[in-house]
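Single-structure report; data block below.
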Amino acid sequence: MYYEIYIDSLLLVNFVMNLYCLELVNLICLRTATRRRILLGAVLGAVLYLVPFLLPGKGWLEMLILFPAAAVIMIFVTFRLKELQAFARVFSLLLFSSCALGGCMILLLRLLPRSSGLRPGVFGIMGIGGVVFLEAVHLVQKNRGTDLCKVELIGKGARITVSALIDSGNGLIEPVSGRPVCILEKNIFKGLWRNGQPEGFRVIPYHTVGKSRGILYGYLIPELIINKEGMLISCKNIYVGIVDEKLASEGGYCMILNPLLLQEKYRRTG
């Protein structure tokens, strides 16, 4: 039995499906990959998917070997992981995303009435995948609450690693530059300046739910590195508002991160 395969259609569909899966994994992983690397990973994955169809011999054997290899290459190109734990997590997320998106698409395709003669083409398949992808993004965002991570603060003459909370409710902005502001306990901040004085002093207005408005004294930290389960995000010249009281009653964290730091324009990834 022979099948007629259109290479351009197969390449396009696999590129778009890879794009959906990588975007979903990137969302779960705090958006540590840039758009350019996601596109490159999706392209490489689509091209490698075609290799078994171009080689002579038993296609299933090549698929068994090359498909996992393609997933590994996509992960390293897209996310540039440095820790085995982070790779294992991203690999499992990519596998789960692929199975979930693929399974939902097959279910939707089977729900189409056979008597109607509807057989979606290439763009129809990509459209159905897009609907499933958007619903998956909605579910991830809906069920994402606050998140804990490790943050390495780099000052002048000192580096301190602390536990931090990524809080979607923190929308604090430095009024002059418009840059996001994090919140840090005073005793931690003092330890960053053993050889010199803090720079970039700012008065930062704030208000909280159910409380009156106020101001925070803010300073510029040269660099901080967010570490979320091996996923590293480096941010330069970040403002922090200093507070005297403990941020967590049981000492679970001493810093609150502004989620805007996860946007590409405020960071570089490593």
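In the structure tokens, each chain is lettered A, B, ... as it comes, each chain's residues begin at 1, and ligands are numbered from 1 in order of appearance.
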
inquiry  = Could you go through segment 174-217 of chain A and tell me which residues DSSP, when run on the backbone, assigns to alpha helix (DSSP H), listing them as number ranges by chain?
reply    = A: 186-190

request  = Write out as a list of chain:residue names which residues come within 12 Å of Pro175 of chain A when counting only C-alpha atoms, dropping same-chain ones fewer than 2 positions away.
outcome  =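 Everything that qualifies: A:Gly171, A:Leu172, A:Ile173, A:Ser177, A:Gly178, A:Arg179, A:Pro180, A:Val181, A:Arg202, A:Val203, A:Ile204, A:Pro205, A:Tyr206, A:Ile215, A:Leu216, A:Gly218, A:Tyr239.
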
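If only C-alpha atoms are the atoms counted, then among A:Val176, A:Met255, A:Ile183, A:Leu109 the closest residue to Thr161 of chain A is A:Met255.
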
Go through segment 112-204 of chain A residue by residue and, counting only C-alpha atoms, keep those with an atom at most 10 Å from segment 4-25 of chain A; for each kept residue give the shortest atom pair and its distance in Å to one decimal, ordered by chain and increasing number, as JSON lines.
```
{"residue": "A:Gly121", "atom": "CA", "partner": "A:Ser9", "partner_atom": "CA", "distance": 9.5}
{"residue": "A:Val122", "atom": "CA", "partner": "A:Ser9", "partner_atom": "CA", "distance": 6.6}
{"residue": "A:Phe123", "atom": "CA", "partner": "A:Val13", "partner_atom": "CA", "distance": 8.2}
{"residue": "A:Ile125", "atom": "CA", "partner": "A:Val13", "partner_atom": "CA", "distance": 7.8}
{"residue": "A:Met126", "atom": "CA", "partner": "A:Val13", "partner_atom": "CA", "distance": 6.5}
{"residue": "A:Gly127", "atom": "CA", "partner": "A:Val16", "partner_atom": "CA", "distance": 9.9}
{"residue": "A:Gly129", "atom": "CA", "partner": "A:Met17", "partner_atom": "CA", "distance": 7.2}
{"residue": "A:Gly130", "atom": "CA", "partner": "A:Tyr20", "partner_atom": "CA", "distance": 7.5}
{"residue": "A:Val132", "atom": "CA", "partner": "A:Tyr20", "partner_atom": "CA", "distance": 9.3}
{"residue": "A:Phe133", "atom": "CA", "partner": "A:Tyr20", "partner_atom": "CA", "distance": 6.2}
{"residue": "A:Leu134", "atom": "CA", "partner": "A:Tyr20", "partner_atom": "CA", "distance": 9.0}
{"residue": "A:Ala136", "atom": "CA", "partner": "A:Leu24", "partner_atom": "CA", "distance": 7.6}
{"residue": "A:Val137", "atom": "CA", "partner": "A:Leu24", "partner_atom": "CA", "distance": 6.6}
{"residue": "A:Val140", "atom": "CA", "partner": "A:Leu24", "partner_atom": "CA", "distance": 8.6}
```

task = Pick out each residue of segment 59-196 of chain A that DSSP on the backbone tags as strand (DSSP E); I need them as an NGL selection string.
result = :A and (147-154 or 159-166 or 181-185)

Might you pull out every residue within 8 Å of Glu185 of chain A, with only C-alpha atoms counted and same-chain residues fewer than 5 positions away left off, and present them as a short mmCIF file (atom, residue, chain, number, x, y, z; two decimals) with N, CA and C atoms, in the first residue's frame?
```
data_model
loop_
_atom_site.label_atom_id
_atom_site.label_comp_id
_atom_site.auth_asym_id
_atom_site.auth_seq_id
_atom_site.Cartn_x
_atom_site.Cartn_y
_atom_site.Cartn_z
N ILE A 242 11.68 49.08 49.26
CA ILE A 242 12.16 48.50 50.52
C ILE A 242 11.07 48.63 51.59
N VAL A 243 10.83 47.52 52.29
CA VAL A 243 9.85 47.50 53.37
C VAL A 243 10.52 47.05 54.66
N ASP A 244 10.07 47.57 55.79
CA ASP A 244 10.64 47.21 57.08
C ASP A 244 10.10 45.89 57.61
N GLU A 245 8.82 45.62 57.36
CA GLU A 245 8.20 44.44 57.95
C GLU A 245 8.49 43.18 57.14
N LYS A 246 8.21 42.04 57.75
CA LYS A 246 8.34 40.76 57.07
C LYS A 246 7.22 40.62 56.04
N LEU A 247 7.58 40.12 54.88
CA LEU A 247 6.58 39.94 53.81
C LEU A 247 5.75 38.68 54.02
N CYS A 254 10.98 36.45 51.19
CA CYS A 254 11.33 37.79 51.66
C CYS A 254 11.36 38.80 50.51
N MET A 255 10.83 38.40 49.36
CA MET A 255 10.81 39.28 48.20
C MET A 255 9.56 38.99 47.38
#
```

message = Between atom CA of Gly41 of chain A and atom CA of Met74 of chain A, what is the distance in Å, rounded to a tenth?
response = 4.6 Å

inquiry  = Quick check, in Å to one decimal: how far apart do atom CA of Glu223 of chain A and atom CA of Gly155 of chain A lie?
reply    = 7.2 Å

Proximity to Leu148 of chain A - best of A:Ser97, A:Thr34, A:Thr78, A:Asn227, only C-alpha atoms =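 Going through A:Ser97, A:Thr34, A:Thr78, A:Asn227 one by one, the smallest distance to Leu148 of chain A is for A:Asn227.
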
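Take atom CA of Leu220 of chain A and atom CA of Lys186 of chain A: the distance between them is 13.7 Å.
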
key: Surrounding residues of Ala70 of chain A excluding itself and chain neighbours under 2 positions, 9 Å, only C-alpha atoms, as an NGL selection string   = :A and (44-49 or 65-68 or 72-75)

How would the residues just chosen look if you wrote them out with N, CA and C atoms as a CSV table (one decimal), in the first residue's frame?
```
chain,number,residue,atom,x,y,z
A,44,LEU,N,13.0,23.5,13.2
A,44,LEU,CA,13.9,22.4,13.3
A,44,LEU,C,13.1,21.1,13.5
A,45,GLY,N,12.1,21.2,14.5
A,45,GLY,CA,11.3,20.0,14.8
A,45,GLY,C,10.5,19.6,13.5
A,46,ALA,N,10.0,20.5,12.8
A,46,ALA,CA,9.2,20.1,11.6
A,46,ALA,C,10.1,19.5,10.5
A,47,VAL,N,11.3,20.0,10.3
A,47,VAL,CA,12.2,19.5,9.3
A,47,VAL,C,12.6,18.1,9.7
A,48,LEU,N,13.0,17.9,11.0
A,48,LEU,CA,13.4,16.6,11.5
A,48,LEU,C,12.3,15.5,11.4
A,49,TYR,N,11.0,16.0,11.5
A,49,TYR,CA,9.9,15.1,11.4
A,49,TYR,C,9.8,14.5,10.0
A,65,ILE,N,13.4,6.4,16.5
A,65,ILE,CA,14.6,7.0,16.9
A,65,ILE,C,14.6,8.5,16.7
A,66,LEU,N,14.1,9.0,15.6
A,66,LEU,CA,14.3,10.5,15.3
A,66,LEU,C,13.3,11.4,16.0
A,67,PHE,N,12.1,10.9,16.3
A,67,PHE,CA,11.1,11.7,17.0
A,67,PHE,C,11.5,12.1,18.3
A,68,PRO,N,12.0,11.2,19.2
A,68,PRO,CA,12.5,11.7,20.5
A,68,PRO,C,13.8,12.6,20.3
A,72,VAL,N,14.2,16.5,21.7
A,72,VAL,CA,15.4,16.9,22.5
A,72,VAL,C,16.0,18.1,21.9
A,73,ILE,N,16.2,18.1,20.6
A,73,ILE,CA,16.8,19.2,19.8
A,73,ILE,C,16.0,20.5,20.0
A,74,MET,N,14.6,20.3,19.8
A,74,MET,CA,13.7,21.5,20.0
A,74,MET,C,13.9,22.1,21.3
A,75,ILE,N,14.0,21.3,22.4
A,75,ILE,CA,14.0,21.8,23.7
A,75,ILE,C,15.3,22.6,23.9
```
